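Just below is one structure, and these are the notes that go with it.
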Amino acid sequence: MRMKFSLVVLLGLVASCAFASNSTPVVAYTFICNGNSSLDEGPCPNGANPGALIQGTDGNFYGTAQVSGGGGPNTGGGTVFSLTPAGKFTLLHTFVLGPDKNYPGGDVPGLITEGPDGKLYGTTLYGGVGGANGPDGYGVLYRVNRNGTGFRVIHEFCSETNCTDGAGGYALVNGTDGNLYGTTYYGGTNGGGTIFRVTPSTGAYEVVFNFDFLSTGEEPSALTVAPDGTFYGLSVNEAGRVIFHYTESTGNLTTGAVNFPLFNGLPSIPQTGLTFGPNGDVYGLYFIYGESGIGLFEVDLDGSNLQLFPFFNTIDGGGAPGGMILASDGNFWLPEYSGSTSYGDIIALSPDDGSLLQTLTPFSSKAAVGAFPAEIIETKDGILWGSTNDFGTYTTGHFAEGTVFSLNAGLPPR
């Protein structure tokens with residue numbers, strides 16, 4: 001744990017070392033829809049509103065677009081796509097509306113993961129056979145080959161009578177045993193969420209741990225992979241936040257209390273999942289209920305020595321930050337969905353004191369790159385890749401609903 005310094009004045013403090021950058025993103029692909037640009041209504045054949053990317057072992061990028069069709073960009077469906085570093089786009093799969101006005105193969109896809117078998121694995125927010133959630137279900141777990149063939153729904157989360165298999169699935173991560181693991185936000189035998197395992201050779205889905213509000217907490221976050229290949233995450237119980245540690249080889253889960261303090265009677269709350277820092281501690285972002293702003297926190301792996309660094313901004317809602325990455329310069333980089341301009345930023349934070357080191361603001365409704373950046377990744381050459389959720393350049397009779405871009409922020413190669 002680094003040397004700590006006291007949190008004397010938390011609210012209203014913005015780091016003075018932030019500075020604007022002239023870094024210009026390069027648009028690799030723009031998601032174009034057909035229709036009236038003033039109304040944003042019309043089908044989006046390749047998808048719209050893209051989310052986070054991954055880079056596959058073949059060097060290409062893979063991702064999902066949240067919606068795709070019907071009367072406009074907010075009518076469900078979605079796509080899975082690939083993109084070469086040179087910008088060649090390939091539509092791999094489209095989630096289509098079924099005869100019962102639901103999406104039996106999934107609806108609104110989230111993050112994807114490449115498994116040890118080279119296939120892509122992902123979850124959807126909705127879709128499946130339906131049930132208590134109405135005509136659309138609680139989401140599915142699917143896999144598809146990197147060339148778009150072999151799409152298969154592996155598992156449908158929850159049903160009208162049975163949620164013991166969990167519901168609200170997060171992205172999967174690779175285990176050291178050759179299997180994939182993930183969490184569900186709720187469901188399970190105790191209703192508090194689960195950890196599940198997928199066996200690539202068979203596609204079998206199995207719940208391996210059930211969270212309990214009174215002991216291990218509930219509403220687990222997505223899993224964060226530690227340097228030793230085991231998993232960490234956050235859950236919540238009656239006393240507050242809990243850090244959990246799951247070892248896939250033994251099935252053992254241990255927990256430690258993380259005592260987020262009160263400020264003027266208002267709770268401080270972690271806003272994102274965990275990211276490992278350069279010193280082996282885990283970091284995340286927090287906010288204070290009822291206050292405008294967000295800051296970085298650091299904590300030991302057992303939940304002790306929590307440090308809340310001062311707010312690095314005082315934007316209402318904290319600028320809606322996405323997930324952090326530890327970049328090759330030793331600092332944390334992350335996108336802010338709305339950010340200082342209301343169209344999003346990419347920022348760098350110091351792991352030493354949580355201060356704001358850099359702010360990149362290339363996003364707007366008029367910019368070719370679009371606006372509202374999703375999570376970012378860094379490739380081996382130090383280039384940042386990411387997507388924007390809306391806007392971009394379009395021609396008459398069309399409208400744009402997001403882009404995939406690269407950005408040279410001056411990071412050293414890995």
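Residue names in the structure tokens use chain letters A, B, ... in the order shown, residue numbers from 1 in each chain, and ligand numbers from 1 in the order shown.
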Tell me, as an mmCIF file with C-alpha atoms, in the first residue's frame, which residues lie within 6 Å of Gly193 of chain A, counting only C-alpha atoms; anything in the same chain fewer than 5 positions away does not count.
data_model
loop_
_atom_site.group_PDB
_atom_site.id
_atom_site.type_symbol
_atom_site.label_atom_id
_atom_site.label_comp_id
_atom_site.auth_asym_id
_atom_site.auth_seq_id
_atom_site.Cartn_x
_atom_site.Cartn_y
_atom_site.Cartn_z
ATOM 1 C CA GLY A 166 -28.930 -16.483 -11.818
ATOM 2 C CA THR A 184 -24.937 -12.707 -12.260
ATOM 3 C CA TYR A 185 -26.209 -9.635 -10.443
ATOM 4 C CA TYR A 186 -29.129 -11.426 -8.801
ATOM 5 C CA GLY A 187 -30.803 -14.836 -8.730
ATOM 6 C CA GLY A 188 -29.254 -18.045 -7.434
ATOM 7 C CA PHE A 211 -23.973 -15.247 -2.836
ATOM 8 C CA GLU A 218 -25.228 -9.806 -2.800
ATOM 9 C CA GLU A 219 -25.254 -8.022 -6.173
#
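By only C-alpha atoms, and with residues fewer than 3 positions from Asp381 of chain A along its chain excluded, the set lying at most 10 Å from it is A:Ser328, A:Glu378, A:Leu384, A:Asn408, A:Leu411, A:Pro412, A:Pro413, A:Arg414.
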Could those residues be written to a file, using C-alpha atoms, as a PDB file, in the first residue's frame?
ATOM      1  CA  SER A 328       1.632   1.281 -20.289  1.00  0.00           C
ATOM      2  CA  GLU A 378      -4.778  -0.301 -25.182  1.00  0.00           C
ATOM      3  CA  LEU A 384      -6.009   3.436 -27.407  1.00  0.00           C
ATOM      4  CA  ASN A 408      -2.587   8.064 -30.068  1.00  0.00           C
ATOM      5  CA  LEU A 411       1.576   6.072 -24.464  1.00  0.00           C
ATOM      6  CA  PRO A 412       4.717   3.942 -24.749  1.00  0.00           C
ATOM      7  CA  PRO A 413       4.507   0.499 -26.390  1.00  0.00           C
ATOM      8  CA  ARG A 414       3.999  -2.399 -24.015  1.00  0.00           C
TER       9      ARG A 414
END
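Take atom CA of Gln271 of chain A and atom CA of Leu308 of chain A: the distance between them is 12.7 Å.
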- Item | Long-range neighbours of Asp165 of chain A as number ranges by chain, 12 Å cut-off, only C-alpha atoms, 4 positions minimum in chain | A: 138, 140-141, 155-159, 161, 169, 183-197, 205-211
Residue contacts of segment 282-291 of chain A (6 Å, only C-alpha atoms) excluding same-chain residues fewer than 5 positions away, as a short mmCIF file (atom, residue, chain, number, x, y, z; two decimals) with N, CA and C atoms, in the first residue's frame:
data_model
loop_
_atom_site.label_atom_id
_atom_site.label_comp_id
_atom_site.auth_asym_id
_atom_site.auth_seq_id
_atom_site.Cartn_x
_atom_site.Cartn_y
_atom_site.Cartn_z
N LEU A 266 -23.78 11.15 4.69
CA LEU A 266 -24.08 10.57 3.38
C LEU A 266 -23.04 9.52 3.04
N PRO A 267 -23.46 8.39 2.48
CA PRO A 267 -22.51 7.31 2.20
C PRO A 267 -21.64 7.60 0.99
N SER A 268 -20.40 7.12 1.05
CA SER A 268 -19.54 7.07 -0.13
C SER A 268 -19.69 5.68 -0.74
N ILE A 269 -19.80 5.64 -2.06
CA ILE A 269 -20.23 4.41 -2.74
C ILE A 269 -19.31 4.14 -3.92
N PRO A 270 -18.79 2.90 -4.05
CA PRO A 270 -18.01 2.58 -5.25
C PRO A 270 -18.91 2.57 -6.47
N GLN A 271 -18.41 3.13 -7.58
CA GLN A 271 -19.23 3.28 -8.77
C GLN A 271 -18.90 2.27 -9.85
N THR A 272 -17.69 1.75 -9.86
CA THR A 272 -17.29 0.81 -10.90
C THR A 272 -16.68 -0.43 -10.26
N LEU A 274 -13.40 -3.30 -10.04
CA LEU A 274 -12.03 -3.15 -9.56
C LEU A 274 -11.02 -3.24 -10.70
N THR A 275 -9.91 -2.52 -10.54
CA THR A 275 -8.79 -2.57 -11.47
C THR A 275 -7.50 -2.71 -10.67
N PHE A 276 -6.63 -3.63 -11.05
CA PHE A 276 -5.36 -3.79 -10.34
C PHE A 276 -4.42 -2.66 -10.71
N GLY A 277 -3.74 -2.11 -9.68
CA GLY A 277 -2.79 -1.03 -9.88
C GLY A 277 -1.38 -1.54 -10.01
N LEU A 296 -10.98 8.61 -7.07
CA LEU A 296 -10.33 7.30 -7.12
C LEU A 296 -10.19 6.76 -5.70
N PHE A 297 -10.41 5.45 -5.53
CA PHE A 297 -10.10 4.82 -4.25
C PHE A 297 -9.11 3.68 -4.45
N GLU A 298 -8.40 3.36 -3.37
CA GLU A 298 -7.41 2.28 -3.35
C GLU A 298 -7.64 1.46 -2.10
N VAL A 299 -7.50 0.13 -2.20
CA VAL A 299 -7.71 -0.72 -1.05
C VAL A 299 -6.85 -1.98 -1.18
#
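The interatomic distance for the pair atom CA of Val26 of chain A and atom CA of Arg146 of chain A works out to 24.4 Å.
Between atom CA of Ala52 of chain A and atom CA of Thr149 of chain A lies a distance of 21.5 Å.
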- Message: Using only C-alpha atoms, which protein or nucleic acid residues come within 9 Å of Gly330 of chain A? Drop anything in the same chain fewer than 5 positions from it, and give the result as a ChimeraX atom specification.
- Response: /A:277-278,350-351
Can you spit out the residues from that selection as a PDB file, in the first residue's frame, using N, CA and C atoms?
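Below is the file that was written, selection_26.pdb:
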ATOM      1  N   GLY A 277      -3.740  -2.109  -9.679  1.00  0.00           N
ATOM      2  CA  GLY A 277      -2.792  -1.034  -9.875  1.00  0.00           C
ATOM      3  C   GLY A 277      -1.376  -1.538 -10.008  1.00  0.00           C
ATOM      4  N   PRO A 278      -0.437  -0.642 -10.235  1.00  0.00           N
ATOM      5  CA  PRO A 278       0.957  -1.041 -10.418  1.00  0.00           C
ATOM      6  C   PRO A 278       1.604  -1.590  -9.156  1.00  0.00           C
ATOM      7  N   SER A 350      -3.630   9.552 -11.768  1.00  0.00           N
ATOM      8  CA  SER A 350      -2.434   9.054 -11.092  1.00  0.00           C
ATOM      9  C   SER A 350      -2.812   8.021 -10.038  1.00  0.00           C
ATOM     10  N   PRO A 351      -2.175   6.835 -10.029  1.00  0.00           N
ATOM     11  CA  PRO A 351      -2.421   5.872  -8.958  1.00  0.00           C
ATOM     12  C   PRO A 351      -1.803   6.294  -7.629  1.00  0.00           C
TER      13      PRO A 351
END
- Message: From a backbone DSSP assignment, name each residue in segment 10-201 of chain A labelled strand (DSSP E), as a ChimeraX atom specification.
- Response: /A:26-34,48-55,61-67,79-83,89-94,107-114,120-126,140-144,152-156,167-169,173-174,180-186,194-199
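Nearest to Gly42 of chain A of all the residues A:Thr75, A:Ser23, A:Ala226, A:Gly139 is A:Thr75, counting only C-alpha atoms.
Using only C-alpha atoms, the nearest neighbour of Gly229 of chain A within the list A:Tyr246, A:Phe213, A:Phe95, A:Phe399 is A:Tyr246.
Of the residues under consideration (A:Phe405, A:Tyr170, A:Phe332, A:Trp385), A:Tyr170 shows the shortest atom-to-atom contact distance to Ile112 of chain A when counting only C-alpha atoms.
Proximity ranking of A:Asp281, A:Asp353, A:Asp107, A:Asp345 relative to Thr388 of chain A places A:Asp345 first, based on only C-alpha atoms.
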- Find the spatial neighbours of Asp300 of chain A, counting only C-alpha atoms, within a cut-off of 10 Å - ignore same-chain residues fewer than 2 positions away - and output them as a VMD selection string. chain A and resid 1 243 256 258 280 to 283 298 302 to 307
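Minimum distance to Gly59 of chain A across A:Ile376, A:Pro43, A:Val236, A:Glu114 (counting only C-alpha atoms) occurs at A:Glu114.
The shortest atom-to-atom distance to Thr254 of chain A, with only C-alpha atoms taken into account, belongs to A:Ser215 out of A:Ser292, A:Thr123, A:Ser215, A:Thr57.
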- Could you name the residues that touch Tyr181 of chain A at 9 Å or less, counting only C-alpha atoms, but leaving out those on the same chain fewer than 4 positions away, as a PyMOL selection string? chain A and resi 171-175+195-198+223+248
Kindly export the residues of the current selection with N, CA and C atoms, as a PDB file, in the first residue's frame.
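The resulting file, again_8.pdb, is reproduced below:
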ATOM      1  N   ALA A 171     -20.026  -9.849 -18.254  1.00  0.00           N
ATOM      2  CA  ALA A 171     -19.076 -10.430 -19.196  1.00  0.00           C
ATOM      3  C   ALA A 171     -18.270 -11.541 -18.531  1.00  0.00           C
ATOM      4  N   LEU A 172     -17.834 -12.493 -19.336  1.00  0.00           N
ATOM      5  CA  LEU A 172     -17.060 -13.617 -18.841  1.00  0.00           C
ATOM      6  C   LEU A 172     -15.571 -13.288 -18.832  1.00  0.00           C
ATOM      7  N   VAL A 173     -14.826 -14.044 -18.007  1.00  0.00           N
ATOM      8  CA  VAL A 173     -13.372 -13.956 -17.981  1.00  0.00           C
ATOM      9  C   VAL A 173     -12.813 -15.370 -18.064  1.00  0.00           C
ATOM     10  N   ASN A 174     -11.568 -15.469 -18.506  1.00  0.00           N
ATOM     11  CA  ASN A 174     -10.933 -16.775 -18.655  1.00  0.00           C
ATOM     12  C   ASN A 174     -10.283 -17.207 -17.347  1.00  0.00           C
ATOM     13  N   GLY A 175     -10.539 -18.461 -16.953  1.00  0.00           N
ATOM     14  CA  GLY A 175      -9.912 -19.026 -15.775  1.00  0.00           C
ATOM     15  C   GLY A 175      -8.621 -19.746 -16.115  1.00  0.00           C
ATOM     16  N   ILE A 195     -21.761 -16.895  -9.038  1.00  0.00           N
ATOM     17  CA  ILE A 195     -20.622 -17.071  -9.932  1.00  0.00           C
ATOM     18  C   ILE A 195     -20.912 -18.329 -10.741  1.00  0.00           C
ATOM     19  N   PHE A 196     -20.761 -18.249 -12.062  1.00  0.00           N
ATOM     20  CA  PHE A 196     -21.030 -19.410 -12.897  1.00  0.00           C
ATOM     21  C   PHE A 196     -19.802 -19.752 -13.736  1.00  0.00           C
ATOM     22  N   ARG A 197     -19.801 -20.981 -14.235  1.00  0.00           N
ATOM     23  CA  ARG A 197     -18.696 -21.490 -15.050  1.00  0.00           C
ATOM     24  C   ARG A 197     -19.255 -22.027 -16.362  1.00  0.00           C
ATOM     25  N   VAL A 198     -18.526 -21.793 -17.451  1.00  0.00           N
ATOM     26  CA  VAL A 198     -18.865 -22.352 -18.754  1.00  0.00           C
ATOM     27  C   VAL A 198     -17.698 -23.212 -19.219  1.00  0.00           C
ATOM     28  N   LEU A 223     -16.250  -9.928 -12.509  1.00  0.00           N
ATOM     29  CA  LEU A 223     -15.002 -10.459 -11.977  1.00  0.00           C
ATOM     30  C   LEU A 223     -13.806  -9.712 -12.564  1.00  0.00           C
ATOM     31  N   GLU A 248     -10.701 -20.386  -8.620  1.00  0.00           N
ATOM     32  CA  GLU A 248     -11.437 -21.357  -9.423  1.00  0.00           C
ATOM     33  C   GLU A 248     -10.934 -22.784  -9.242  1.00  0.00           C
TER      34      GLU A 248
END
